[in-house]
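Engineer: The following block contains the structure, expressed as structure tokens.
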There are 4 protein chains.
Amino acid sequence: MRLRVAVLGATGLVGQRFVSLLARHPWFELVALVASGRSAGQRFRDAVRWVIEQPLPDDVADIKVEPLDVNVISSYEPDILFSALPSELYEVEVELARRGYVVVSNSSPMRLEADIPLLNPEVNADHVDVVEVQRALRGWRGFIAKVPNCTTAILTLSLKPIHDEFGVRRVIVSTMQAISGAGLTGLPAMMIQDNIIPYIEGEEEKVERETLKILGEPTSKGVKWNDKILVTASCHRLPVLEGHMEAVFVETERKPDLEEVVRAMEEFKGNRIRGLGLPTAPAKPIIVRREADRPQTRLDRMEGGGMSVVVGRIREDKVLGGIKYIVLGHNTIRGAAGTGVLIGELLARRGLAPL
Amino acid sequence: MRLRVAVLGATGLVGQRFVSLLARHPWFELVALVASGRSAGQRFRDAVRWVIEQPLPDDVADIKVEPLDVNVISSYEPDILFSALPSELYEVEVELARRGYVVVSNSSPMRLEADIPLLNPEVNADHVDVVEVQRALRGWRGFIAKVPNCTTAILTLSLKPIHDEFGVRRVIVSTMQAISGAGLTGLPAMMIQDNIIPYIEGEEEKVERETLKILGEPTSKGVKWNDKILVTASCHRLPVLEGHMEAVFVETERKPDLEEVVRAMEEFKGNRIRGLGLPTAPAKPIIVRREADRPQTRLDRMEGGGMSVVVGRIREDKVLGGIKYIVLGHNTIRGAAGTGVLIGELLARRGLAPL
Amino acid sequence: MRLRVAVLGATGLVGQRFVSLLARHPWFELVALVASGRSAGQRFRDAVRWVIEQPLPDDVADIKVEPLDVNVISSYEPDILFSALPSELYEVEVELARRGYVVVSNSSPMRLEADIPLLNPEVNADHVDVVEVQRALRGWRGFIAKVPNCTTAILTLSLKPIHDEFGVRRVIVSTMQAISGAGLTGLPAMMIQDNIIPYIEGEEEKVERETLKILGEPTSKGVKWNDKILVTASCHRLPVLEGHMEAVFVETERKPDLEEVVRAMEEFKGNRIRGLGLPTAPAKPIIVRREADRPQTRLDRMEGGGMSVVVGRIREDKVLGGIKYIVLGHNTIRGAAGTGVLIGELLARRGLAPL
Amino acid sequence: MRLRVAVLGATGLVGQRFVSLLARHPWFELVALVASGRSAGQRFRDAVRWVIEQPLPDDVADIKVEPLDVNVISSYEPDILFSALPSELYEVEVELARRGYVVVSNSSPMRLEADIPLLNPEVNADHVDVVEVQRALRGWRGFIAKVPNCTTAILTLSLKPIHDEFGVRRVIVSTMQAISGAGLTGLPAMMIQDNIIPYIEGEEEKVERETLKILGEPTSKGVKWNDKILVTASCHRLPVLEGHMEAVFVETERKPDLEEVVRAMEEFKGNRIRGLGLPTAPAKPIIVRREADRPQTRLDRMEGGGMSVVVGRIREDKVLGGIKYIVLGHNTIRGAAGTGVLIGELLARRGLAPL
């Protein structure tokens with residue numbers, strides 16, 4: 001028996017990724033597509049400017065888009081709601097959680113609140129337990145689970161095995177982020193053609209804070225942030241379509257041996273979800289390339305169906321006392337909708353959806 | 001009276017920049033264009049695939065290209081030779097220096113040798129004095145002065161006022177480098193379209209070492225490297241035409257005040273060459289932008305005729321104990337031919353050319 | 001004595017080009033910058049996202065932007081108004097013409113009306129006479145002169161000498177147009193990166209019709225369209241910043257000799273404005289390249305300061321009975337603001353401004 | 001039982017596409033990978049710079065690359081040889097045909113010879129019969145079948161149903177071709193970034209001639225060209241990765257009704273191979289899009305696995321007396337390796353391979 005799922009904000013770029021991943025999902029059945037504004041009432045095929053490389057499946061294309069109305073959404077009796085709504089509409093997600101729905105949300109508001117799990121499943125699936133704190137504290141019948149910021153999801157997945165083996169102290173990260181991160185229409189072509197914009201609003205703060213929460217510990221009062229790690233970020237937008245690349249410098253507690261680092265990363269199976277058989281979990285969460293010039297954005301972003309991160313150029317860093325490396329991940333799959341679906345699968349497996 | 005100058009390797013990308021900058025130079029007269037291979041014997045207009053935005057001046061276009069032969073070059077009696085030859089031909093530069101010529105060279109061999117000045121004039125014009133060490137030591141009648149690596153030239157110009165005011169300790173730099181850095185034909189379009197290549201052979205080592213030499217001190221035995229500074233770099237190629245952008249994290253000795261940093265940078269006049277009236281020296285070596293989203297590669301790379309670096313996003317960095325910022329420079333002007341011409345002007349003013 | 005000029009819609013892309021061309025103009029003094037919406041009241045430097053390669057001059061940057069209000073505009077007593085307003089605001093241009101102002105307008109409404117001169121000065125400066133028809137017919141104290149569609153301006157300039165010498169019959173044109181043609185924010189990066197969009201709303205109709213009017217004749221009742229020429233167009237947007245390239249196939253009345261065609265184009269001096277000494281008129285309106293692979297968009301778009309068109313690959317076309325060739329022009333200079341300024345200069349020289 | 005196949009020139013871009021399509025082929029077993037130069041002796045994974053979006057299958061990656069030696073190739077006893085060798089090595093293909101091998105060749109030499117079938121299977125599978133003319137005439141034990149030029153393959157597939165229904169007379173075609181058409185390293189990034197090059201050596205002649213041969217008739221003496229059709233082409237390279245778009249203007253014998261044209265294209269099933277069950281034949285050789293702005297290169301090039309062409313913007317053209325439309329096809333799949341594999345399948349089904 002399959003769970004009934006809906007996508008909120010289905011016509012945007014992350015929404016399209018959700019639709020694409022859910023259209024043929026073994027556990028989930030897409031029962032509703034919701035969008036704000038004028039899309040409501042149109043068939044999805046007419047409402048969306050589909051830019052995903054896989055064609056839009058015909059059966060999904062014919063679904064009528066529903067308006068962003070909690071009563072309408074409720075009428076579909078969805079087991080899980082995947083939300084790609086913009087930040088300013090987060091109150092809708094809150095209202096749905098209050099009414100008893102399970103909401104997996106990609107937006108940034110409330111990500112840092114202690115009782116809201118911020119989940120990168122291979123890294124911190126155990127944080128899911130704080131939903132009970134959330135429900136008790138807020139008196140909600142349902143709950144909200146959050147997808148991390150795209151850059152942070154990719155970074156923390158690569159940091160986890162290093163942290164487990166060598167103890168991460170300071171992280172300096174500089175990013176090279178794709179235009180898809182700005183959404184379907186967020187970035188005018190005249191602004192980015194033959195150009196780099198060394199600023200993405202709020203992004204550095206998200207990376208610096210969310211990393212500490214994701215690498216923190218769940219407690220009976222919510223998630224306690226990791227207080228041994230320090231992160232500083234510089235974030236940049238440049239003209240590639242999809243895929244965030246990050247140059248990472250890490251100071252470690254224990255002096256790392258490069259072969260040990262490679263092994264730790266390659267053997268990392270995402271213990272937190274190992275053996276759960278989640279369909280969207282990639283066989284190898286981290287793929288390590290040994291060539292001098294990999295990963296490359298266009299060539300490697302779709303590894304593991306876009307759910308693996310690809311690490312390369314692992315070098316000793318004597319200046320910091322640690323290592324430096326490159327990590328690449330698909331920002332709208334691993335960094336958004338793919339991790340959202342994986343969270344949904346985790347919730348289902350853990351018996352948290354349907355409630 | 002104008003000095004007679006020649007360009008070696010004139011048909012390549014840096015060679016074209018040299019030609020473009022020297023074609024209308026107030027002090028220098030372009031008397032010879034030299035190229036290896038089949039170009040020799042053709043008129044420059046036929047030998048070159050001119051890709052510079054300014055049209056090739058007619059009088060220069062008609063110059064006959066000479067072969068890479070020291071006797072032929074000598075016959076022009078040049079006062080300064082600007083060399084954009086590839087690294088593997090550096091012996092030609094050595095032979096010309098031995099015979100008594102002043103060679104300003106853009107290639108990487110010998111950049112790190114103590115008696116070869118590695119000049120970023122606003123930063124270390126005083127290093128020019130080591131040419132006498134060089135001539136004595138090697139028994140050469142002429143000498144070689146080196147242009148730094150492109151990324152390093154841009155980085156060190158931005159670091160100099162910070163170092164003077166606050167004391168630079170550790171530098172972590174991550175670069176976003178233009179395709180022009182790979183030369184006219186060095187990088188196939190299929191490799192870089194919609195892509196990032198996180199590796200440039202030898203580049204990181206150049207940045208890490210040359211910075212210490214440039215920020216070092218001239219002595220009677222040659223240049224003594226700065227031994228208080230540590231640099232670690234991660235270098236990346238991406239699809240912009242011209243302009244290297246660098247995300248710089250700096251640990252400083254003295255805690256910096258952001259307004260002081262801005263002031264130090266804006267007031268930096270390149271004391272080492274101040275008042276010398278060098279024609280290619282920009283009025284402001286460092287331009288500081290206060291907007292959240294500047295500098296941008298396409299919009300700012302031509303500041304100061306491509307000779308200024310543009311700094312922005314100066315932020316406190318509590319993780320490192322210092323600052324982080326963005327610096328952008330034009331890699332084939334400030335990072336290559338432009339600095340080469342500026343070195344030539346410095347040599348002329350200092351009485352070192354003609355010898 | 002200089003004429004007082006204002007730019008309407010100064011913050012958009014064509015508006016910025018107008019400002020850039022007028023900021024240092026020998027005949028014109030920029031007295032007012034006008035913009036709709038929230039820009040009014042701000043200094044121009046704060047209101048505009050300046051993307052022109054030349055820096056914004058300081059004196060212009062400090063001008064306070066005025067709101068789009070005819071009374072406010074009137075208070076500046078401008079001799080010529082250069083308008084880059086969007087089409088839906090064309091009533092403002094009409095109102096200003098009615099009140100006695102000379103309006104040079106880049107927008108498309110009314111371009112095809114017989115009493116409105118549609119001017120590509122080198123081609124049809126004599127059409128300017130119909131402004132008297134316009135004023136009489138409409139009872140306006142001022143008048144409107146129109147800049148042609150960008151693609152059409154470039155096409156007709158290249159067709160004029162062929163038409164004069166060989167008689168143009170049928171024209172088949174296929175375009176490769178830059179993203180700047182969609183305005184500063186008109187085209188999202190996700191839509192055009194690694195992509196071609198084979199459709200630009202209304203563009204083909206504009207090329208097919210405006211060409212006939214521009215190559216027509218002024219009469220006492222207005223412009224009579226050329227009824228011997230037929231034009232069919234296919235228009236496409238692709239990822240280059242600036243410069244429209246057009247592949248043109250022409251059936252001619254008289255069989256063309258290729259050398260004659262080259263000569264006719266190279267010798268074309270834009271007879272209609274020859275000898276008037278208009279500052280923005282390029283020395284050579286048409287530059288012919290003989291290399292197999294020119295013109296190229298990035299390398300040739302700035303010829304003649306962006307006011308020349310560059311023609312290449314002139315070949316016999318036996319299928320059509322005529323020739324085929326490539327023409328390239330700068331779409332926001334030759335195709336918009338540059339031609340607008342040239343029209344202003346023509347009006348001034350002809351005594352039509354100030355009225 | 002599967003046929004044994006080999007790829008010649010396996011490391012290039014078209015070679016990689018062949019490998020990718022043959023690696024999991026239901027009828028063919030990849031037994032040898034051949035490359036010229038230094039690749040021989042290495043494992044394929046080390047010899048190739050794999051740039052195809054699908055990962056290189058492990059079993060293929062481990063194949064040892066063989067040198068371009070007819071004896072070595074013979075030792076594998078291949079049933080079909082797929083050749084992506086450069087034109088200058090076509091003598092190797094001739095020698096292999098002489099010795100009794102079936103060669104499907106993508107290179108341009110000999111494409112126009114009457115006894116060499118130039119096959120776009122849905123259009124002219126019946127031309128395959130001329131291989132018997134070829135063997136008789138040349139005394140070869142094997143034979144060569146040719147893949148058309150990429151642009152021509154895409155064009156002729158779109159023209160075929162129009163020709164069948166309305167009679168094609170004159171064709172004017174202007175192309176927008178991807179950088180992949182220049183091969184893996186054929187085009188330097190500095191030449192095409194933010195640029196259009198309106199020239200591809202030999203391309204226009206290929207389109208103009210090969211179209212007439214493909215739309216011709218097989219006779220007992222070889223293929224007789226269609227002498228009622230005239231084609232003129234203008235070919236241009238621009239910065240998209242994959243996918244050739246063509247703006248086509250067609251003069252037809254019978255006045256076309258647009259709905260009839262759409263129907264003819266949509267119903268076109270490639271009669272020549274209908275019912276043969278060839279695995280690489282797309283369900284719909286031509287997909288017609290009705291939206292104003294489709295096809296688009298990035299969004300539509302992979303339709304039918306890259307084997308369908310996508311047609312859009314079918315409009316009446318009164319100037320020519322016919323229609324104009326846009327056609328898009330994947331140049332290295334439909335325009336090269338994919339059509340090559342389809343030819344191989346046709347030969348197998350027709351009993352021509354193995355001989």
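Identifiers for the structure tokens are assigned positionally: chains receive A, B, ... in sequence, residues are indexed from 1 per chain, and ligands are indexed from 1 in the order shown.
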Dump as a Markdown table the rows for residues of chain B within 6 Å of chain A: closest atom pair and distance in Å with one decimal, only C-alpha atoms counted, ordered by chain and rising residue number.
Structural biologist:
```
| residue | atom | partner | partner_atom | distance |
| --- | --- | --- | --- | --- |
| B:Asp194 | CA | A:Val240 | CA | 4.6 |
| B:Asn195 | CA | A:Arg298 | CA | 4.9 |
| B:Ile196 | CA | A:Thr297 | CA | 5.4 |
| B:Ile197 | CA | A:Gln296 | CA | 5.3 |
| B:Tyr199 | CA | A:Asp293 | CA | 5.2 |
| B:Val240 | CA | A:Asp194 | CA | 4.6 |
| B:Asp293 | CA | A:Tyr199 | CA | 5.2 |
| B:Gln296 | CA | A:Ile197 | CA | 5.3 |
| B:Thr297 | CA | A:Asn195 | CA | 5.1 |
| B:Arg298 | CA | A:Asn195 | CA | 4.9 |
```
Engineer: Would you put the residues from that selection into a file with C-alpha atoms, as an mmCIF file, in the first residue's frame?
Structural biologist:
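Result file follows (selection29.cif):
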```
data_model
loop_
_atom_site.group_PDB
_atom_site.id
_atom_site.type_symbol
_atom_site.label_atom_id
_atom_site.label_comp_id
_atom_site.auth_asym_id
_atom_site.auth_seq_id
_atom_site.Cartn_x
_atom_site.Cartn_y
_atom_site.Cartn_z
ATOM 1 C CA ASP B 194 28.473 24.520 -18.052
ATOM 2 C CA ASN B 195 31.303 23.128 -15.954
ATOM 3 C CA ILE B 196 33.881 23.827 -13.270
ATOM 4 C CA ILE B 197 37.305 22.174 -13.248
ATOM 5 C CA TYR B 199 42.300 21.922 -10.714
ATOM 6 C CA VAL B 240 34.138 33.261 -17.521
ATOM 7 C CA ASP B 293 27.302 41.983 -4.315
ATOM 8 C CA GLN B 296 31.530 41.055 -10.186
ATOM 9 C CA THR B 297 33.773 39.539 -12.783
ATOM 10 C CA ARG B 298 32.287 40.925 -15.968
#
```
Engineer: Could you please write out, as a list of chain:residue names, every residue of region 52-93 of chain A that DSSP assigns to helix (DSSP H, G or I)?
Structural biologist: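 Listing helix (DSSP H, G or I) positions across region 52-93 of chain A yields A:Asp58, A:Asp59, A:Val60, A:Ala61, A:Val70, A:Asn71, A:Val72, A:Ile73, A:Ser74, A:Ser75, A:Ser87, A:Glu88, A:Leu89, A:Tyr90, A:Glu91, A:Val92, A:Glu93.
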Engineer: Output C-alpha atoms of each residue in that selection to a file, as a short mmCIF file (atom, residue, chain, number, x, y, z; two decimals), in the first residue's frame.
Structural biologist:
```cif
data_model
loop_
_atom_site.label_atom_id
_atom_site.label_comp_id
_atom_site.auth_asym_id
_atom_site.auth_seq_id
_atom_site.Cartn_x
_atom_site.Cartn_y
_atom_site.Cartn_z
CA ASP A 58 1.75 12.19 -18.93
CA ASP A 59 -0.34 11.10 -15.97
CA VAL A 60 1.21 13.76 -13.77
CA ALA A 61 1.00 16.35 -16.51
CA VAL A 70 -5.38 24.32 3.65
CA ASN A 71 -8.95 23.09 3.35
CA VAL A 72 -8.46 22.05 -0.23
CA ILE A 73 -5.18 20.36 0.65
CA SER A 74 -6.82 18.57 3.57
CA SER A 75 -9.49 17.19 1.31
CA SER A 87 9.99 31.32 2.74
CA GLU A 88 7.36 33.99 3.05
CA LEU A 89 4.58 31.38 2.90
CA TYR A 90 5.90 29.27 5.76
CA GLU A 91 2.82 30.00 7.86
CA VAL A 92 0.90 27.64 5.59
CA GLU A 93 3.28 24.85 6.55
#
```
Engineer: To one decimal in Å, tell me the separation between CA of Leu22 (chain A) and CA of Gln54 (chain A).
Structural biologist: 12.8 Å
Engineer: Identify all residues of region 139-335 of chain C in strand (DSSP E) (DSSP on the backbone) and supply them as number ranges by chain.
Structural biologist: C: 143-146, 168-176, 217-219, 222-224, 230-234, 244-252, 286-288, 309-317, 322-329
Engineer: As a list in words, please: the residues near Pro161 (chain D) (cut-off 8 Å, only C-alpha atoms, same-chain neighbours under 2 positions excluded).
Structural biologist: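 Close residues of Pro161 (chain D): Leu157, Ser158, Leu159, His163, Asp164, Glu165, Ala264, Met265 and Phe268 of chain D.
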Engineer: Pull N, CA and C atoms from the residues just selected and write them as an mmCIF file, in the first residue's frame.
Structural biologist:
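See result_1.cif below for the written result:
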```cif
data_model
loop_
_atom_site.group_PDB
_atom_site.id
_atom_site.type_symbol
_atom_site.label_atom_id
_atom_site.label_comp_id
_atom_site.auth_asym_id
_atom_site.auth_seq_id
_atom_site.Cartn_x
_atom_site.Cartn_y
_atom_site.Cartn_z
ATOM 1 N N LEU D 157 15.298 14.211 -42.104
ATOM 2 C CA LEU D 157 14.220 13.534 -41.383
ATOM 3 C C LEU D 157 12.993 14.440 -41.321
ATOM 4 N N SER D 158 13.217 15.729 -41.092
ATOM 5 C CA SER D 158 12.072 16.656 -41.021
ATOM 6 C C SER D 158 11.480 16.936 -42.398
ATOM 7 N N LEU D 159 12.293 16.891 -43.429
ATOM 8 C CA LEU D 159 11.804 17.205 -44.787
ATOM 9 C C LEU D 159 10.997 16.066 -45.404
ATOM 10 N N HIS D 163 8.046 16.424 -48.096
ATOM 11 C CA HIS D 163 8.324 16.103 -49.492
ATOM 12 C C HIS D 163 7.293 15.094 -50.007
ATOM 13 N N ASP D 164 7.008 14.102 -49.206
ATOM 14 C CA ASP D 164 6.040 13.084 -49.640
ATOM 15 C C ASP D 164 4.659 13.688 -49.892
ATOM 16 N N GLU D 165 4.266 14.646 -49.071
ATOM 17 C CA GLU D 165 2.908 15.195 -49.157
ATOM 18 C C GLU D 165 2.771 16.391 -50.094
ATOM 19 N N ALA D 264 1.118 15.262 -41.145
ATOM 20 C CA ALA D 264 2.087 14.461 -41.909
ATOM 21 C C ALA D 264 3.337 14.177 -41.079
ATOM 22 N N MET D 265 3.778 15.184 -40.348
ATOM 23 C CA MET D 265 4.976 15.008 -39.522
ATOM 24 C C MET D 265 4.705 14.089 -38.340
ATOM 25 N N PHE D 268 4.280 10.521 -39.358
ATOM 26 C CA PHE D 268 5.429 9.912 -40.028
ATOM 27 C C PHE D 268 6.063 8.871 -39.113
#
```
Engineer: Counting only C-alpha atoms, what is within 12 Å of His25 (chain B), bar same-chain residues fewer than 3 positions away, as a PyMOL selection string?
Structural biologist: chain B and resi 2-5+18-22+28-30+278-280+338+341-342+344-345
Engineer: Skip region 257-262 of chain C itself and residues of its chain fewer than 2 positions away, then list as a PyMOL selection string all residues within 8 Å of it, counting only C-alpha atoms.
Structural biologist: chain C and resi 162+255+264-266+288+314-316
Engineer: Could the residues in this selection be saved with C-alpha atoms as a tab-separated table (two decimals), in the first residue's frame?
Structural biologist:
```tsv
chain	number	residue	atom	x	y	z
C	162	ILE	CA	22.65	45.91	-52.32
C	255	LYS	CA	22.57	39.11	-61.01
C	264	ALA	CA	29.09	48.58	-52.89
C	265	MET	CA	29.06	47.72	-49.20
C	266	GLU	CA	32.52	49.02	-48.44
C	288	VAL	CA	33.28	43.95	-44.82
C	314	ILE	CA	29.32	37.13	-48.98
C	315	ARG	CA	28.58	34.21	-51.29
C	316	GLU	CA	26.66	33.71	-54.47
```
Engineer: So which residues touch Pro282 (chain C) within 8 Å, counting only C-alpha atoms, skipping near sequence neighbours fewer than 2 positions away, as a ChimeraX atom specification?
Structural biologist: /C:280,284-285,304-305,307-308
Engineer: Export, as a PDB file, in the first residue's frame, the selected residues with N, CA and C atoms.
Structural biologist:
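For reference, result_33.pdb as written:
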```pdb
ATOM      1  N   THR C 280      27.925  60.801 -33.919  1.00  0.00           N
ATOM      2  CA  THR C 280      27.759  59.382 -33.629  1.00  0.00           C
ATOM      3  C   THR C 280      27.801  58.523 -34.899  1.00  0.00           C
ATOM      4  N   LYS C 284      32.724  54.161 -41.156  1.00  0.00           N
ATOM      5  CA  LYS C 284      32.264  53.167 -42.113  1.00  0.00           C
ATOM      6  C   LYS C 284      31.014  52.490 -41.561  1.00  0.00           C
ATOM      7  N   PRO C 285      29.862  52.802 -42.101  1.00  0.00           N
ATOM      8  CA  PRO C 285      28.649  52.161 -41.565  1.00  0.00           C
ATOM      9  C   PRO C 285      28.683  50.645 -41.741  1.00  0.00           C
ATOM     10  N   GLY C 304      33.334  50.391 -34.857  1.00  0.00           N
ATOM     11  CA  GLY C 304      32.721  51.709 -35.022  1.00  0.00           C
ATOM     12  C   GLY C 304      32.001  52.141 -33.761  1.00  0.00           C
ATOM     13  N   GLY C 305      32.546  51.761 -32.624  1.00  0.00           N
ATOM     14  CA  GLY C 305      31.908  52.114 -31.358  1.00  0.00           C
ATOM     15  C   GLY C 305      30.555  51.450 -31.184  1.00  0.00           C
ATOM     16  N   MET C 307      28.474  51.160 -33.682  1.00  0.00           N
ATOM     17  CA  MET C 307      27.561  51.759 -34.663  1.00  0.00           C
ATOM     18  C   MET C 307      27.743  51.199 -36.073  1.00  0.00           C
ATOM     19  N   SER C 308      28.860  50.524 -36.337  1.00  0.00           N
ATOM     20  CA  SER C 308      29.029  49.885 -37.644  1.00  0.00           C
ATOM     21  C   SER C 308      28.372  48.508 -37.609  1.00  0.00           C
TER      22      SER C 308
END
```
Engineer: Report the distance between CA of Arg274 (chain A) and CA of Ala145 (chain A) in Å, rounded to one decimal place.
Structural biologist: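 CA of Ala145 (chain A) lies 19.9 Å from CA of Arg274 (chain A).
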Engineer: Smallest atom-to-atom distance to Arg237 (chain A): which of A:Glu208, A:Ser180, A:Ile333, A:Gly202, using only C-alpha atoms?
Structural biologist: A:Ser180
Engineer: Work out how far CA of Gly216 (chain A) is from CA of Cys150 (chain A), in Å to one decimal.
Structural biologist: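 Interatomic distance, CA of Cys150 (chain A) to CA of Gly216 (chain A): 18.2 Å.
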Engineer: Need to verify the contact set: Ala153 (chain D), 8 Å, only C-alpha atoms, exclusion of same-chain residues closer than 4 positions in sequence. Can you return it as a PDB file with C-alpha atoms, in the first residue's frame?
Structural biologist:
```pdb
ATOM      1  CA  ASN D 120      19.056   7.980 -42.638  1.00  0.00           C
ATOM      2  CA  PRO D 148      25.038  11.412 -43.089  1.00  0.00           C
ATOM      3  CA  ASN D 149      26.441  14.707 -41.902  1.00  0.00           C
ATOM      4  CA  LEU D 157      14.220  13.534 -41.383  1.00  0.00           C
ATOM      5  CA  ARG D 334      20.637  11.378 -34.224  1.00  0.00           C
ATOM      6  CA  GLY D 335      23.329  13.182 -36.207  1.00  0.00           C
TER       7      GLY D 335
END
```
